[in-house]
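Asker: This is the content of input_2.txt (compact mmCIF, C-alpha atoms):
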```
# COMPACT_ATOMS: atom_id res chain seq x y z
CA MET A 19 103.90 125.91 91.29
CA LYS A 20 107.56 125.57 92.26
CA ASN A 21 109.77 123.27 94.28
CA LYS A 22 107.80 120.14 93.66
CA ARG A 23 109.35 116.80 92.81
CA LEU A 24 107.37 113.91 91.38
CA ASN A 25 108.77 110.37 91.41
CA PHE A 26 107.24 107.98 88.88
CA LEU A 27 107.47 104.19 88.92
CA PHE A 28 106.04 101.78 86.36
CA TRP A 29 106.13 98.00 86.65
CA ASN A 30 104.61 95.15 84.68
CA ILE A 31 104.25 92.58 87.45
CA CYS A 32 103.36 89.72 85.11
CA ARG A 33 100.23 88.68 87.06
CA LYS A 34 102.42 87.73 90.02
CA PRO A 35 101.51 88.22 93.72
CA LEU A 36 104.25 90.80 94.26
CA ILE A 37 102.48 92.91 96.88
CA GLU A 38 105.43 93.01 99.29
CA ARG A 39 107.82 94.11 96.57
CA ILE A 40 105.42 96.82 95.43
CA GLU A 41 105.18 98.08 99.01
CA LYS A 42 108.96 98.05 99.39
CA LEU A 43 109.55 99.80 96.06
CA SER A 44 107.03 102.53 96.84
CA THR A 45 108.84 103.26 100.10
CA THR A 46 112.44 102.87 98.90
CA PHE A 47 111.92 105.15 95.94
CA ASP A 48 109.48 107.52 97.65
CA VAL A 49 107.10 107.04 94.75
CA ASP A 50 104.44 109.67 94.00
CA VAL A 51 102.90 108.12 90.89
CA LEU A 52 102.74 104.33 90.87
CA MET A 53 101.65 102.62 87.67
CA LEU A 54 101.25 98.86 87.44
CA CYS A 55 100.16 96.58 84.67
CA GLU A 56 99.23 92.93 84.44
CA CYS A 57 98.29 93.56 88.06
CA TYR A 58 95.76 91.04 89.33
CA ILE A 59 96.24 92.03 92.96
CA SER A 60 93.13 93.92 94.07
CA SER A 61 93.49 97.69 94.24
CA ALA A 62 92.30 97.55 97.84
CA GLU A 63 95.15 95.22 98.80
CA ILE A 64 97.64 97.47 97.07
CA LEU A 65 96.31 100.59 98.82
CA LYS A 66 96.51 98.87 102.19
CA ALA A 67 100.09 97.78 101.52
CA ILE A 68 101.52 101.00 100.09
CA ASN A 69 99.84 103.13 102.74
CA ASN A 70 100.74 100.81 105.58
CA GLU A 71 103.96 102.50 106.58
CA ARG A 72 103.15 105.92 105.15
CA ARG A 73 100.17 106.53 107.43
CA GLU A 74 102.51 106.52 110.42
CA ARG A 75 104.99 109.00 109.01
CA SER A 76 103.30 111.04 106.30
CA ASN A 77 100.12 112.88 105.46
CA ASP A 78 100.60 112.06 101.81
CA LEU A 79 98.93 108.69 101.54
CA PHE A 80 98.43 107.05 98.18
CA HIS A 81 95.07 107.51 96.51
CA PHE A 82 93.54 105.14 94.01
CA VAL A 83 93.32 106.86 90.62
CA CYS A 84 92.03 104.24 88.20
CA GLU A 85 92.18 100.71 86.88
CA ASN A 86 90.78 99.00 83.83
CA THR A 87 89.95 95.57 82.52
CA LEU A 88 93.51 95.09 81.31
CA LYS A 89 94.68 95.51 84.89
CA ILE A 90 96.54 98.74 84.37
CA LYS A 91 96.34 100.43 87.78
CA ILE A 92 97.42 103.89 88.87
CA PHE A 93 97.92 105.28 92.37
CA THR A 94 99.22 108.67 93.41
CA THR A 95 100.13 110.55 96.57
CA GLU A 96 98.66 113.71 95.07
CA LYS A 97 95.56 114.93 96.87
CA SER A 98 92.23 113.79 95.40
CA ASN A 99 91.21 117.34 94.60
CA ASN A 100 94.42 117.85 92.62
CA PHE A 101 93.94 115.07 90.10
CA GLU A 102 91.34 114.52 87.44
CA LEU A 103 90.68 111.12 85.97
CA LEU A 104 90.54 111.26 82.17
CA GLN A 105 88.34 108.90 80.21
CA THR A 106 90.12 106.95 77.48
CA LYS A 107 88.62 104.88 74.71
CA SER A 108 91.54 102.52 74.28
CA LYS A 109 91.77 99.74 76.84
CA TYR A 110 95.55 99.91 76.49
CA LEU A 111 95.64 103.40 77.94
CA GLN A 112 94.82 105.00 81.29
CA ALA A 113 95.18 108.70 81.98
CA PHE A 114 94.89 111.41 84.56
CA LYS A 115 95.79 115.05 84.95
CA LEU A 116 97.57 116.83 87.77
CA LYS A 117 95.77 120.14 87.99
CA ASP A 118 98.37 122.23 89.80
CA LEU A 119 101.15 121.33 87.36
CA ASN A 120 98.91 121.11 84.30
CA LEU A 121 100.51 117.74 83.59
CA LEU A 122 98.92 114.88 81.65
CA ILE A 123 100.04 111.43 82.75
CA PHE A 124 99.40 108.30 80.70
CA ALA A 125 99.98 104.64 81.50
CA VAL A 126 100.27 102.34 78.50
CA HIS A 127 100.29 98.59 78.08
CA LEU A 128 100.26 97.54 74.46
CA PRO A 129 99.74 93.86 73.59
CA SER A 130 102.75 91.66 73.01
CA GLN A 131 103.61 91.07 69.40
CA TYR A 132 106.39 88.62 70.11
CA ILE A 133 104.08 85.94 71.37
CA LYS A 134 101.58 86.46 68.56
CA PRO A 135 103.52 87.89 65.61
CA LEU A 136 100.41 87.88 63.44
CA VAL A 137 98.85 90.70 65.41
CA GLN A 138 101.37 93.25 64.11
CA ASP A 139 98.81 95.02 61.95
CA VAL A 140 96.40 95.16 64.85
CA TYR A 141 99.24 96.45 67.00
CA LYS A 142 99.74 99.33 64.59
CA VAL A 143 96.07 100.24 64.87
CA HIS A 144 96.24 100.17 68.67
CA SER A 145 99.29 102.41 68.75
CA LEU A 146 97.66 104.82 66.31
CA ASN A 147 94.54 104.95 68.46
CA ILE A 148 96.63 105.63 71.55
CA ILE A 149 98.69 108.46 70.08
CA ASN A 150 95.53 110.01 68.64
CA GLU A 151 93.88 109.90 72.06
CA ILE A 152 96.93 111.45 73.69
CA ARG A 153 97.00 114.28 71.16
CA GLU A 154 93.25 114.78 71.50
CA LEU A 155 93.45 115.06 75.28
CA GLU A 156 96.43 117.38 74.89
CA LYS A 157 94.34 119.63 72.69
CA ASN A 158 91.16 119.43 74.79
CA HIS A 159 93.01 120.26 77.99
CA ASN A 160 95.26 122.81 76.33
CA CYS A 161 98.13 121.02 78.01
CA ASN A 162 101.38 120.04 76.32
CA GLN A 163 103.18 118.81 79.43
CA ILE A 164 102.89 115.07 78.95
CA VAL A 165 104.32 111.88 80.44
CA VAL A 166 103.61 108.54 78.78
CA MET A 167 104.97 105.58 80.70
CA GLY A 168 104.43 101.89 80.24
CA ASP A 169 105.07 98.58 78.58
CA PHE A 170 104.96 99.33 74.87
CA ASN A 171 105.98 95.76 74.05
CA VAL A 172 108.43 96.97 71.41
CA ASN A 173 111.92 98.46 71.56
CA PRO A 174 112.53 102.23 71.28
CA PHE A 175 113.82 101.71 67.73
CA HIS A 176 110.64 99.98 66.54
CA LYS A 177 108.68 101.88 63.88
CA ILE A 178 105.75 102.27 66.23
CA MET A 179 107.94 104.28 68.60
CA THR A 180 109.67 106.36 65.95
CA GLU A 181 107.26 106.98 63.10
CA HIS A 182 106.00 110.54 62.72
CA ASP A 183 102.32 109.61 63.08
CA ARG A 184 102.92 107.21 65.97
CA PHE A 185 104.88 108.04 69.12
CA ASN A 186 107.56 109.96 67.19
CA ALA A 187 109.99 109.50 70.09
CA VAL A 188 113.66 110.41 69.77
CA MET A 189 116.81 109.74 71.74
CA THR A 190 117.96 113.27 72.62
CA LYS A 191 116.30 116.23 74.29
CA GLU A 192 117.79 118.53 71.67
CA ILE A 193 116.02 116.79 68.82
CA ALA A 194 112.83 116.45 70.88
CA LYS A 195 112.65 120.23 71.17
CA THR A 196 112.36 120.54 67.42
CA SER A 197 109.58 119.02 65.32
CA ARG A 198 109.42 116.71 62.38
CA LYS A 199 108.02 117.99 59.12
CA VAL A 200 106.37 115.46 56.86
CA ASP A 201 104.77 116.88 53.76
CA THR A 202 103.25 120.11 55.06
CA ASN A 203 102.56 118.97 58.62
CA ASN A 204 104.71 119.35 61.73
CA TYR A 205 104.70 116.45 64.16
CA PRO A 206 105.84 117.11 67.75
CA TYR A 207 108.43 114.73 69.18
CA PHE A 208 108.57 112.95 72.47
CA TYR A 209 111.89 112.45 74.26
CA ASN A 210 112.54 108.78 75.02
CA PRO A 211 115.38 108.53 77.56
CA MET A 212 115.34 104.73 77.45
CA TRP A 213 117.49 104.86 74.32
CA SER A 214 120.39 105.62 76.64
CA PHE A 215 120.08 102.36 78.55
CA PHE A 216 120.99 99.77 75.93
CA GLY A 217 123.91 97.38 76.27
CA ASP A 218 126.85 96.77 78.56
CA LEU A 219 127.93 100.38 78.97
CA SER A 220 124.75 101.34 80.76
CA LYS A 221 125.02 101.33 84.58
CA HIS A 222 121.75 99.42 84.59
CA PRO A 223 120.56 96.11 83.11
CA ALA A 224 120.82 96.11 79.31
CA GLY A 225 117.03 96.14 79.01
CA THR A 226 113.84 95.79 81.00
CA TYR A 227 112.89 92.40 79.60
CA HIS A 228 115.01 89.40 78.66
CA TRP A 229 113.92 86.93 76.00
CA LYS A 230 115.85 83.69 76.20
CA ASP A 231 115.06 82.30 72.73
CA ASN A 232 117.01 83.70 69.84
CA ASN A 233 115.20 81.97 67.02
CA SER A 234 112.25 84.30 66.74
CA ASP A 235 111.67 87.81 65.46
CA ASN A 236 112.88 88.99 68.83
CA ASN A 237 116.53 87.98 68.74
CA TYR A 238 118.05 90.86 70.69
CA ARG A 239 117.74 88.89 73.95
CA TRP A 240 117.60 92.13 75.97
CA ASN A 241 114.66 94.37 75.13
CA MET A 242 113.63 97.82 76.31
CA LEU A 243 109.89 97.16 76.31
CA ASP A 244 109.22 99.45 79.27
CA GLN A 245 109.75 103.07 78.41
CA VAL A 246 108.90 106.62 79.36
CA LEU A 247 108.14 109.33 76.83
CA ILE A 248 108.34 112.97 77.85
CA SER A 249 107.01 115.91 75.89
CA PRO A 250 109.62 118.54 74.95
CA GLU A 251 107.97 121.15 77.19
CA ILE A 252 109.11 119.28 80.31
CA THR A 253 112.41 117.69 79.25
CA ASP A 254 114.22 120.36 81.28
CA ASN A 255 112.23 119.25 84.33
CA LEU A 256 113.57 115.73 84.02
CA ASP A 257 116.16 114.73 86.59
CA ASP A 258 118.53 112.81 84.31
CA ASP A 259 120.23 111.03 87.20
CA SER A 260 116.93 109.71 88.49
CA ILE A 261 116.04 107.62 85.44
CA ARG A 262 116.77 103.99 86.04
CA ILE A 263 115.85 100.39 85.47
CA ILE A 264 115.32 99.07 88.96
CA GLU A 265 117.06 95.82 89.92
CA SER A 266 116.32 95.80 93.64
CA ASP A 267 113.41 96.86 95.83
CA GLY A 268 115.92 98.16 98.35
CA VAL A 269 116.24 94.85 100.16
CA ASN A 270 115.86 92.03 97.67
CA SER A 271 116.93 91.54 94.08
CA LEU A 272 114.21 91.78 91.44
CA LYS A 273 115.69 89.13 89.17
CA LEU A 274 113.61 88.39 86.12
CA SER A 275 111.56 85.22 85.91
CA LYS A 276 108.56 84.16 83.86
CA THR A 277 107.79 81.24 86.16
CA SER A 278 108.82 82.13 89.72
CA LYS A 279 105.94 83.49 91.82
CA GLY A 280 108.25 85.92 93.54
CA HIS A 281 109.50 87.68 90.42
CA SER A 282 108.21 89.45 87.34
CA ASP A 283 109.65 89.02 83.87
CA HIS A 284 110.00 92.82 83.63
CA TYR A 285 112.13 95.23 85.63
CA PRO A 286 110.40 98.37 86.93
CA ILE A 287 111.43 101.73 85.50
CA TYR A 288 111.65 104.96 87.45
CA PHE A 289 112.28 108.67 86.95
CA SER A 290 111.67 112.04 88.57
CA LEU A 291 110.46 115.42 87.40
CA ASN A 292 111.29 118.66 89.22
CA PHE A 293 108.97 121.65 88.98
CA MET B 19 95.77 158.07 90.75
CA PRO B 20 95.37 155.55 93.63
CA VAL B 21 91.84 154.42 94.41
CA GLU B 22 90.63 155.31 97.87
CA ASN B 23 89.91 152.16 99.88
CA PHE B 24 86.46 152.26 101.45
CA TRP B 25 86.68 148.75 102.89
CA SER B 26 87.06 147.96 106.55
CA ASN B 27 90.55 147.07 107.75
CA THR B 28 89.03 144.17 109.69
CA ILE B 29 88.72 142.04 106.53
CA ASN B 30 90.85 138.98 107.21
CA ILE B 31 92.17 137.05 104.22
CA ASN B 32 93.02 134.17 106.57
CA ALA B 33 89.46 133.84 107.85
CA GLU B 34 88.30 130.22 108.13
CA SER B 35 85.00 128.57 108.83
CA SER B 36 85.64 126.65 112.04
CA PRO B 37 82.89 124.00 111.48
CA LYS B 38 84.21 123.37 107.98
CA VAL B 39 87.82 123.12 109.19
CA LEU B 40 86.70 120.57 111.77
CA MET B 41 84.85 118.56 109.12
CA ARG B 42 87.87 118.63 106.79
CA LYS B 43 90.16 117.37 109.52
CA GLN B 44 87.87 114.43 110.15
CA ALA B 45 87.65 113.76 106.39
CA SER B 46 91.43 113.56 106.27
CA GLU B 47 91.48 111.33 109.33
CA LEU B 48 89.10 108.85 107.69
CA GLY B 49 91.50 108.48 104.76
CA ARG B 50 94.34 107.76 107.16
CA ILE B 51 92.33 105.14 109.08
CA THR B 52 91.08 103.34 105.97
CA ARG B 53 94.33 103.87 104.05
CA ASN B 54 92.26 105.74 101.49
CA LEU B 55 90.01 102.79 100.68
CA VAL B 56 87.27 105.17 101.79
CA GLU B 57 87.86 108.89 101.52
CA ALA B 58 85.75 111.86 102.46
CA GLU B 59 85.19 115.37 101.15
CA VAL B 60 83.40 118.46 102.32
CA THR B 61 81.38 120.30 99.69
CA THR B 62 79.81 123.72 100.09
CA VAL B 63 76.89 125.35 98.33
CA ILE B 64 74.75 128.38 99.16
CA ILE B 65 71.04 127.54 99.44
CA ASP B 66 68.30 129.94 100.54
CA GLY B 67 70.80 132.42 101.88
CA GLN B 68 72.66 129.83 103.94
CA TYR B 69 75.85 127.87 103.49
CA GLN B 70 75.28 124.16 103.30
CA HIS B 71 78.36 122.05 104.01
CA CYS B 72 77.97 118.36 103.25
CA PHE B 73 80.30 115.63 104.43
CA ASN B 74 80.44 112.92 101.76
CA LEU B 75 82.07 109.51 101.82
CA ILE B 76 83.83 108.48 98.62
CA ALA B 77 84.76 104.95 97.59
CA PRO B 78 87.36 105.53 94.83
CA ILE B 79 87.64 101.88 93.85
CA LEU B 80 83.84 101.67 93.46
CA ASN B 81 83.88 104.16 90.58
CA TYR B 82 84.21 107.04 93.02
CA GLU B 83 80.69 106.48 94.39
CA LYS B 84 79.66 109.15 96.90
CA ILE B 85 77.35 108.89 99.89
CA ALA B 86 76.32 111.94 101.91
CA LEU B 87 76.94 111.31 105.60
CA PHE B 88 75.55 114.54 106.97
CA CYS B 89 74.98 118.17 106.03
CA ILE B 90 75.02 121.30 108.13
CA ASN B 91 73.43 124.66 107.42
CA GLN B 92 75.24 127.76 108.53
CA GLY B 93 74.27 131.41 108.33
CA ILE B 94 75.77 133.48 105.59
CA VAL B 95 77.39 135.83 108.12
CA ASN B 96 77.43 134.13 111.48
CA GLU B 97 78.77 130.59 111.89
CA PHE B 98 76.49 129.86 114.81
CA PRO B 99 73.91 128.75 115.48
CA LEU B 100 74.14 126.04 112.82
CA THR B 101 71.80 123.15 112.18
CA ILE B 102 72.38 119.58 111.11
CA SER B 103 69.96 119.28 108.22
CA TYR B 104 70.71 115.71 107.19
CA ASP B 105 72.27 112.86 109.12
CA PHE B 106 72.77 109.33 107.78
CA SER B 107 73.17 107.98 111.31
CA ASN B 108 69.70 109.25 112.24
CA LYS B 109 71.00 110.64 115.51
CA PHE B 110 69.91 114.19 114.76
CA ASN B 111 67.46 114.09 111.87
CA GLU B 112 64.23 114.52 113.77
CA ALA B 113 65.43 117.31 116.00
CA ASN B 114 67.14 119.12 113.11
CA CYS B 115 69.81 119.54 115.71
CA GLY B 116 71.10 122.97 116.44
CA CYS B 117 74.55 123.84 117.69
CA ASN B 118 75.20 127.17 119.31
CA ASP B 119 78.97 126.97 119.39
CA ILE B 120 81.93 124.99 118.11
CA GLN B 121 82.02 122.76 121.19
CA ALA B 122 78.40 121.73 120.66
CA PHE B 123 79.09 121.05 117.00
CA GLU B 124 82.17 119.01 117.87
CA ASN B 125 80.02 116.85 120.17
CA CYS B 126 77.41 116.34 117.43
CA LEU B 127 80.13 115.48 114.93
CA LYS B 128 81.63 112.95 117.31
CA THR B 129 78.23 111.35 117.86
CA ILE B 130 77.64 110.96 114.13
CA LEU B 131 81.11 109.77 113.14
CA SER B 132 81.39 107.27 115.97
CA SER B 133 77.89 105.86 115.46
CA GLU B 134 77.31 102.20 114.69
CA GLU B 135 75.41 103.10 111.50
CA VAL B 136 78.32 105.04 110.07
CA SER B 137 80.80 102.39 111.10
CA LYS B 138 78.72 99.72 109.33
CA LEU B 139 78.50 101.86 106.22
CA ILE B 140 82.25 102.41 106.06
CA ASN B 141 82.95 98.71 106.64
CA SER B 142 80.55 97.88 103.85
CA LEU B 143 82.33 100.24 101.48
CA ILE B 144 85.68 98.71 102.43
CA ALA B 145 84.32 95.21 101.90
CA GLN B 146 82.88 96.08 98.50
CA SER B 147 86.09 97.83 97.46
CA SER B 148 88.13 94.82 98.54
CA SER B 149 85.95 92.54 96.42
CA GLU B 150 86.72 94.44 93.22
```
Can you dump the structure from the file as structure tokens?
Answerer:
Amino acid sequence: MKNKRLNFLFWNICRKPLIERIEKLSTTFDVDVLMLCECYISSAEILKAINNERRERSNDLFHFVCENTLKIKIFTTEKSNNFELLQTKSKYLQAFKLKDLNLLIFAVHLPSQYIKPLVQDVYKVHSLNIINEIRELEKNHNCNQIVVMGDFNVNPFHKIMTEHDRFNAVMTKEIAKTSRKVDTNNYPYFYNPMWSFFGDLSKHPAGTYHWKDNNSDNNYRWNMLDQVLISPEITDNLDDDSIRIIESDGVNSLKLSKTSKGHSDHYPIYFSLNF
Amino acid sequence: MPVENFWSNTININAESSPKVLMRKQASELGRITRNLVEAEVTTVIIDGQYQHCFNLIAPILNYEKIALFCINQGIVNEFPLTISYDFSNKFNEANCGCNDIQAFENCLKTILSSEEVSKLINSLIAQSSSE
């Protein structure tokens, strides 16, 4: 399979009624894989909205892929016979496979540990379960082309993201193409491009989530809770210029707000893969 | 040493089953109309020396539930005559309707897909999907 481009967008919409913004984003960014979390808008409403304009101009309408009790929802423009829904045990994980590209795609929403700091141990268990499931599906499907995208609720430098037996995600493609040896075992890396987006020198916002208080564990103010992890086998397929934290749906600003009905407290993230 | 080819040069790798193509087009059209709240697929099996093509509705949001709308039986060599062996709309069940050519099949297909029964079924699937 050649000459195929896939555009991915993930957004934690913070239980807000942001249907018009989702529709606009899907059009503006020509999204192929749309992943939402904390999404209490019905999947039917979302399908109607994101296919509204497309049905007039394109044969590639969005299809519903899956949703779960945690309101992680996935839609794709890939044909129904080209994707396979994968069962996951963890409620923090949803997954499907694109058959033609032999690509495993995961959406993640881990629980917040800033609001309930005491759940950190539980958080570690959840993250361990998730990475184990990802590796198990990788093995079962004999497929090492993997995208993991979502709200991890920690920064890229958190132990959960970097430890060898967790996500083991590093900041450069070069390192990601090697592996990490601990004792006698080799642990494959993920590439985490969101490392490159911290601070003022990024062309984008300094994070995907802003925490106003500075008297808690989370005193960085800007946090990169929303991230994408890419397996080393497809880092060369990544369009580096495509990766972004989205501040506008193409018409209106997506300013962050915990309270306003018209805004989420997270920015969406976006990237493209070329095959 | 090259193998001598005994096969006829009339074998066409682009050969298509015209009834199945017609069914697939209508399956795609349903997705467009319902914005993929209800989708459709055409499945094919060989039973008793005949192809059986079934047109199934799928409601992805309702755990990908499937409902067979109609099935046609087609000869293993000749496309026609074909028979409609199952029809949810009940327009052709009793007669086990036969179609001698593509035009006749197109008319049968139109009768089934535009029927009140099918319309009610699709609306019900949309309503249930919207309630999830």
Asker: Select, as a VMD selection string, those residues of chain B with any atom no more than 10 Å from chain A (distances computed using only C-alpha atoms).
Answerer: chain B and resid 46 to 47 49 to 59 77 to 79 81 to 82 144 to 150
Asker: Could you check which of A:Glu41, A:Asp118, A:Asp283, A:Asp169 is closest to Leu247 of chain A, using all atoms listed in the file?
Answerer: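 Between A:Glu41, A:Asp118, A:Asp283, A:Asp169, the residue approaching Leu247 of chain A most closely is A:Asp169.
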Asker: Between atom CA of His182 of chain A and atom CA of Glu156 of chain A, what is the distance in Å, rounded to a tenth?
Answerer: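 Separating atom CA of His182 of chain A from atom CA of Glu156 of chain A is a distance of 16.9 Å.
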Asker: What does the structure give for the distance between atom CA of Lys109 of chain B and atom CA of Ile130 of chain B, in Å to one decimal?
Answerer: 6.8 Å
Asker: Near Thr62 of chain B, counting all atoms listed in the file, which residues have an atom at most 7 Å away, once you skip same-chain residues fewer than 5 positions from it, shown as a list in words?
Answerer: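 Contacts, with the query itself left out: Tyr69, Gln70, His71 and Cys72 of chain B.
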Asker: Leaving out segment 47-56 of chain A and any residue of its chain fewer than 3 positions from it, which residues lie within 7 Å of it when counting only C-alpha atoms, given as a PyMOL selection string?
Answerer: chain A and resi 24-33+43-44+88-95+125+127
Asker: Mind giving me the straight-line distance from atom CA of Tyr285 of chain A to atom CA of Thr226 of chain A in Å, one decimal?
Answerer: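 Straight-line distance from atom CA of Tyr285 of chain A to atom CA of Thr226 of chain A works out to 5.0 Å.
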Asker: Identify the residues around (73.5, 131.6, 110.2) within a radius of 12 Å, measuring from only C-alpha atoms in the coordinates stated by the file, and give them as a PyMOL selection string.
Answerer: chain B and resi 35+64-70+90-101+116-119
Asker: I'd like the box whose edges run along x, y and z of the file and which contains every listed atom of segment 109-118 of chain A, padded by 8 Å per side; could you state its centre and edge lengths in Å, one decimal, as lines of an AutoDock Vina configuration file?
Answerer:
```
center_x = 95.1
center_y = 111.0
center_z = 83.1
size_x = 22.6
size_y = 38.5
size_z = 29.3
```
Asker: Compare B:Ile102, B:Lys138, B:Thr129, B:Arg42 by their minimum atom-to-atom distance to Asn74 of chain B, counting all atoms listed in the file, and give me the closest one.
Answerer: B:Arg42
Asker: Might you pull out every residue within 10 Å of Ala194 of chain A, with only C-alpha atoms counted and same-chain residues fewer than 6 positions away left off, and present them as a PDB file with C-alpha atoms, in the coordinates of the input?
Answerer:
```pdb
ATOM      1  CA  ASN A 186     107.560 109.960  67.190  1.00  0.00           C
ATOM      2  CA  ALA A 187     109.990 109.500  70.090  1.00  0.00           C
ATOM      3  CA  VAL A 188     113.660 110.410  69.770  1.00  0.00           C
ATOM      4  CA  PRO A 206     105.840 117.110  67.750  1.00  0.00           C
ATOM      5  CA  TYR A 207     108.430 114.730  69.180  1.00  0.00           C
ATOM      6  CA  PHE A 208     108.570 112.950  72.470  1.00  0.00           C
ATOM      7  CA  TYR A 209     111.890 112.450  74.260  1.00  0.00           C
ATOM      8  CA  ASN A 210     112.540 108.780  75.020  1.00  0.00           C
ATOM      9  CA  ILE A 248     108.340 112.970  77.850  1.00  0.00           C
ATOM     10  CA  SER A 249     107.010 115.910  75.890  1.00  0.00           C
ATOM     11  CA  PRO A 250     109.620 118.540  74.950  1.00  0.00           C
ATOM     12  CA  GLU A 251     107.970 121.150  77.190  1.00  0.00           C
ATOM     13  CA  THR A 253     112.410 117.690  79.250  1.00  0.00           C
TER      14      THR A 253
END
```
Asker: My list of candidates is B:Ile140, B:Asn32, B:Leu127, B:Ala122. Which is closest to Ile85 of chain B when distances are computed with only C-alpha atoms?
Answerer: B:Ile140
Asker: Neighbours of Asn108 of chain B within 10 Å (all atoms listed in the file; same-chain residues fewer than 6 positions away dropped), as a list in words?
Answerer: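 Listed by chain and then number, they are Phe88, Ile130, Ser133, Glu135 and Val136 of chain B.
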Asker: Looking at only C-alpha atoms, which of A:Ala113, A:Ile123, A:Leu243, A:Ile178 is the one that sits closest to Val140 of chain A?
Answerer: A:Ile178
